Amino acid sequence: MIENILPSDVASAELLAYPEDLKPHPAEEHLIAKSVEKRRRDFIGARHCARLALEQLGEPPVAIGKGERGAPVFPRGIVGSLTHCDGYRAAALAHKMRFRSVGIDAEPHGALPDGVLDSVSLAAERDWLRDTDSRLHLDRLLFCAKEATYKAWFPLTTRWLGFEEAHITFTVEENADGTGSGTFHSQLLVPGQTNDGEVPLTAFDGRWMIADGLILTAIAHG
């Protein structure tokens with residue numbers, strides 16, 4: 001599904017069912033040696049997807065390390081993002097010569113837990129949610145888009161981006177069967193100086209979809 005909201009030159013792979021014989025790359029085992037089983041499955045599954053995406057890009061399927069704040073460490077010249085939630089793991093990767101960063105996120109299509117929305121949104125975003133008539137769980141979509149925004153931001157800045165530091169707006173196309181799709185715009189509210197010597201970040205544009213009980217968001221920033 002994730003490929004439907006990514007440019008054609010971004011490689012992606014996803015797992016909806018977890019293969020019981022799936023093993024971590026030997027060079028990654030030490031990173032999850034003490035992890036509980038769910039954490040191991042998420043880590044192994046997402047990195048398995050990353051290696052499938054690397055092969056699509058013509059790159060060797062190497063180990064994917066873990067860097068600052070747990071961010072995945074991709075091979076030189078590759079940018080990308082990993083995501084996982086119950087029943088879903090995915091990766092999206094691209095050549096750095098084509099995109100500056102990639103950010104994806106997946107969430108179950110359900111309402112945010114009570115009390116969470118106020119801590120992850122701006123007043124203007126809550127106003128939009130209140131004024132928008134939809135059967136879709138747009139509060140969780142907002143959270144999912146914030147997560148994708150952070151994943152696109154962090155590799156270029158190595159700085160934290162709080163939920164209140166990006167204002168996200170959406171276009172929404174809702175279908176009668178409870179699915180939906182559209183675009184989103186993440187306006188950054190803090191200075192966006194980057195570590196790649198390129199133009200500072202001011203905003204990201206992305207796409208989203210809701211299908212099969214999942215919310216998926218994706219940013220490919222050129």
# chains A, B, ... in the order shown; residues from 1 in each chain; ligands from 1
call {"tool": "closest_atom_pairs", "arguments": {"of": "segment 55-91 of chain A", "to": "segment 134-151 of chain A", "cutoff": "9 Å", "atoms": "only C-alpha atoms", "output": "Markdown table"}}
result
| residue | atom | partner | partner_atom | distance |
| --- | --- | --- | --- | --- |
| A:Ala71 | CA | A:Lys151 | CA | 8.4 |
| A:Gly80 | CA | A:Lys151 | CA | 8.8 |
| A:Ser81 | CA | A:Lys151 | CA | 6.8 |
| A:Leu82 | CA | A:Lys151 | CA | 8.8 |
call {"tool": "residues_around", "arguments": {"residues": "Trp160 of chain A", "least_positions_apart": "3", "cutoff": "12 Å", "atoms": "only C-alpha atoms", "output": "list in words"}}
result
Glu68, Arg69, Ala71, Glu147, Thr149, Tyr150, Lys151, Ala152, Trp153, Phe154, Pro155, Leu156, Thr157, Phe163, Glu164, Glu165, Ala166, Val190, Pro191 and Gly192 of chain A
call {"tool": "closest_atom_pairs", "arguments": {"of": "segment 89-156 of chain A", "to": "segment 6-13 of chain A", "cutoff": "7 Å", "atoms": "only C-alpha atoms", "output": "JSON lines"}}
result
{"residue": "A:Ala90", "atom": "CA", "partner": "A:Ala13", "partner_atom": "CA", "distance": 5.7}
{"residue": "A:Ala91", "atom": "CA", "partner": "A:Ser12", "partner_atom": "CA", "distance": 5.5}
{"residue": "A:Ala92", "atom": "CA", "partner": "A:Ser12", "partner_atom": "CA", "distance": 4.3}
{"residue": "A:Leu93", "atom": "CA", "partner": "A:Ala11", "partner_atom": "CA", "distance": 5.2}
{"residue": "A:Ala94", "atom": "CA", "partner": "A:Val10", "partner_atom": "CA", "distance": 4.9}
call {"tool": "select_by_dssp", "arguments": {"residues": "chain A", "states": "strand (DSSP E or B)", "output": "JSON, numbers by chain"}}
result
{"A": [11, 12, 13, 14, 15, 65, 66, 72, 73, 78, 79, 80, 81, 82, 83, 84, 85, 88, 89, 90, 91, 92, 93, 94, 95, 101, 102, 103, 104, 105, 106, 107, 108, 166, 167, 168, 169, 170, 173, 174, 180, 181, 182, 183, 184, 185, 186, 187, 188, 203, 204, 205, 206, 207, 208, 209, 210, 211, 214, 215, 216, 217, 218, 219, 220, 221]}
call {"tool": "write_last_selection", "arguments": {"atoms": "C-alpha atoms", "output": "PDB file, in the first residue's frame"}}
result
ATOM      1  CA  ALA A  11      11.743   2.233  -3.236  1.00  0.00           C
ATOM      2  CA  SER A  12       9.471   0.673  -0.647  1.00  0.00           C
ATOM      3  CA  ALA A  13       8.533  -2.652   0.897  1.00  0.00           C
ATOM      4  CA  GLU A  14       6.021  -3.694   3.548  1.00  0.00           C
ATOM      5  CA  LEU A  15       4.991  -6.681   5.657  1.00  0.00           C
ATOM      6  CA  GLY A  65      22.315   0.330  12.293  1.00  0.00           C
ATOM      7  CA  LYS A  66      20.800   2.569  14.937  1.00  0.00           C
ATOM      8  CA  PRO A  72      18.041   4.074  11.437  1.00  0.00           C
ATOM      9  CA  VAL A  73      21.492   4.425   9.871  1.00  0.00           C
ATOM     10  CA  ILE A  78      20.738   6.581   0.883  1.00  0.00           C
ATOM     11  CA  VAL A  79      17.925   8.364   2.726  1.00  0.00           C
ATOM     12  CA  GLY A  80      14.887   6.664   4.116  1.00  0.00           C
ATOM     13  CA  SER A  81      12.454   5.913   6.876  1.00  0.00           C
ATOM     14  CA  LEU A  82      11.021   2.905   8.726  1.00  0.00           C
ATOM     15  CA  THR A  83       7.675   2.433  10.426  1.00  0.00           C
ATOM     16  CA  HIS A  84       5.709  -0.224  12.261  1.00  0.00           C
ATOM     17  CA  CYS A  85       2.440  -0.690  14.092  1.00  0.00           C
ATOM     18  CA  TYR A  88       2.305  -3.703   9.687  1.00  0.00           C
ATOM     19  CA  ARG A  89       5.989  -2.952   9.049  1.00  0.00           C
ATOM     20  CA  ALA A  90       7.389  -0.914   6.166  1.00  0.00           C
ATOM     21  CA  ALA A  91      10.385   0.942   4.784  1.00  0.00           C
ATOM     22  CA  ALA A  92      10.857   3.621   2.121  1.00  0.00           C
ATOM     23  CA  LEU A  93      14.303   4.477   0.752  1.00  0.00           C
ATOM     24  CA  ALA A  94      15.732   6.673  -1.994  1.00  0.00           C
ATOM     25  CA  HIS A  95      19.032   7.871  -3.362  1.00  0.00           C
ATOM     26  CA  SER A 101      14.900  13.044   3.146  1.00  0.00           C
ATOM     27  CA  VAL A 102      12.026  10.592   3.374  1.00  0.00           C
ATOM     28  CA  GLY A 103       9.579  10.194   6.236  1.00  0.00           C
ATOM     29  CA  ILE A 104       6.824   7.595   6.581  1.00  0.00           C
ATOM     30  CA  ASP A 105       4.524   6.540   9.381  1.00  0.00           C
ATOM     31  CA  ALA A 106       1.769   3.974   9.932  1.00  0.00           C
ATOM     32  CA  GLU A 107      -0.950   3.944  12.589  1.00  0.00           C
ATOM     33  CA  PRO A 108      -4.054   1.838  13.212  1.00  0.00           C
ATOM     34  CA  ALA A 166       4.703  22.128  12.868  1.00  0.00           C
ATOM     35  CA  HIS A 167       1.250  23.200  11.720  1.00  0.00           C
ATOM     36  CA  ILE A 168      -0.303  20.574   9.456  1.00  0.00           C
ATOM     37  CA  THR A 169      -3.179  21.145   7.036  1.00  0.00           C
ATOM     38  CA  PHE A 170      -4.897  18.514   4.905  1.00  0.00           C
ATOM     39  CA  GLU A 173     -11.068  12.719  -0.137  1.00  0.00           C
ATOM     40  CA  GLU A 174     -13.357  10.340   1.747  1.00  0.00           C
ATOM     41  CA  GLY A 180      -9.747   7.915   2.204  1.00  0.00           C
ATOM     42  CA  SER A 181      -6.741   9.701   0.763  1.00  0.00           C
ATOM     43  CA  GLY A 182      -5.305  13.149   0.252  1.00  0.00           C
ATOM     44  CA  THR A 183      -2.358  15.419   0.789  1.00  0.00           C
ATOM     45  CA  PHE A 184      -0.931  17.321   3.735  1.00  0.00           C
ATOM     46  CA  HIS A 185       1.290  20.352   4.229  1.00  0.00           C
ATOM     47  CA  SER A 186       3.538  20.624   7.286  1.00  0.00           C
ATOM     48  CA  GLN A 187       4.441  24.252   7.921  1.00  0.00           C
ATOM     49  CA  LEU A 188       7.480  24.389  10.201  1.00  0.00           C
ATOM     50  CA  ALA A 203       7.807  23.073   5.155  1.00  0.00           C
ATOM     51  CA  PHE A 204       7.161  19.535   3.960  1.00  0.00           C
ATOM     52  CA  ASP A 205       4.468  18.266   1.619  1.00  0.00           C
ATOM     53  CA  GLY A 206       3.170  14.728   1.861  1.00  0.00           C
ATOM     54  CA  ARG A 207       0.432  12.295   0.960  1.00  0.00           C
ATOM     55  CA  TRP A 208      -1.770  10.027   3.053  1.00  0.00           C
ATOM     56  CA  MET A 209      -4.182   7.161   2.686  1.00  0.00           C
ATOM     57  CA  ILE A 210      -6.527   5.145   4.895  1.00  0.00           C
ATOM     58  CA  ALA A 211      -7.310   1.563   3.887  1.00  0.00           C
ATOM     59  CA  LEU A 214      -4.400   1.441   8.548  1.00  0.00           C
ATOM     60  CA  ILE A 215      -3.394   5.090   8.229  1.00  0.00           C
ATOM     61  CA  LEU A 216      -0.267   5.687   6.146  1.00  0.00           C
ATOM     62  CA  THR A 217       1.550   8.996   5.668  1.00  0.00           C
ATOM     63  CA  ALA A 218       4.581   9.729   3.513  1.00  0.00           C
ATOM     64  CA  ILE A 219       6.916  12.637   2.758  1.00  0.00           C
ATOM     65  CA  ALA A 220       9.577  12.546   0.031  1.00  0.00           C
ATOM     66  CA  HIS A 221      11.412  15.865   0.305  1.00  0.00           C
TER      67      HIS A 221
END
call {"tool": "residues_around", "arguments": {"residues": "segment 20-33 of chain A", "least_positions_apart": "2", "cutoff": "10 Å", "atoms": "only C-alpha atoms", "output": "PyMOL selection string"}}
result
chain A and resi 17-18+35-37+39-41+43-45+47-48+51+61-66
call {"tool": "atom_distance", "arguments": {"atom1": "atom CA of Pro200 of chain A", "atom2": "atom CA of Gly77 of chain A"}}
result
19.8 Å
call {"tool": "select_by_dssp", "arguments": {"residues": "segment 48-102 of chain A", "states": "helix (DSSP H, G or I)", "output": "ChimeraX atom specification"}}
result
/A:48-56,68-70
call {"tool": "write_last_selection", "arguments": {"atoms": "C-alpha atoms", "output": "CSV table (one decimal), in the first residue's frame"}}
result
chain,number,residue,atom,x,y,z
A,48,HIS,CA,13.9,-6.7,6.4
A,49,CYS,CA,11.7,-4.3,4.4
A,50,ALA,CA,14.6,-1.8,4.3
A,51,ARG,CA,16.9,-4.4,2.7
A,52,LEU,CA,14.2,-5.3,0.1
A,53,ALA,CA,14.0,-1.6,-0.7
A,54,LEU,CA,17.8,-1.4,-0.9
A,55,GLU,CA,17.8,-4.2,-3.5
A,56,GLN,CA,15.3,-2.3,-5.5
A,68,GLU,CA,21.0,9.2,17.6
A,69,ARG,CA,17.5,9.0,19.1
A,70,GLY,CA,17.2,5.5,17.6
call {"tool": "atom_distance", "arguments": {"atom1": "atom CA of Gly222 of chain A", "atom2": "atom CA of Leu161 of chain A"}}
result
19.5 Å
call {"tool": "closest_residue", "arguments": {"among": "A:Thr132, A:Phe74, A:Gly197, A:Ala123", "to": "Thr171 of chain A", "atoms": "only C-alpha atoms"}}
result
A:Thr132
call {"tool": "closest_residue", "arguments": {"among": "A:Asp118, A:Asp86, A:Thr158, A:Glu59", "to": "Gln193 of chain A", "atoms": "only C-alpha atoms"}}
result
A:Thr158
call {"tool": "atom_distance", "arguments": {"atom1": "atom CA of Ala176 of chain A", "atom2": "atom CA of Arg130 of chain A"}}
result
20.7 Å
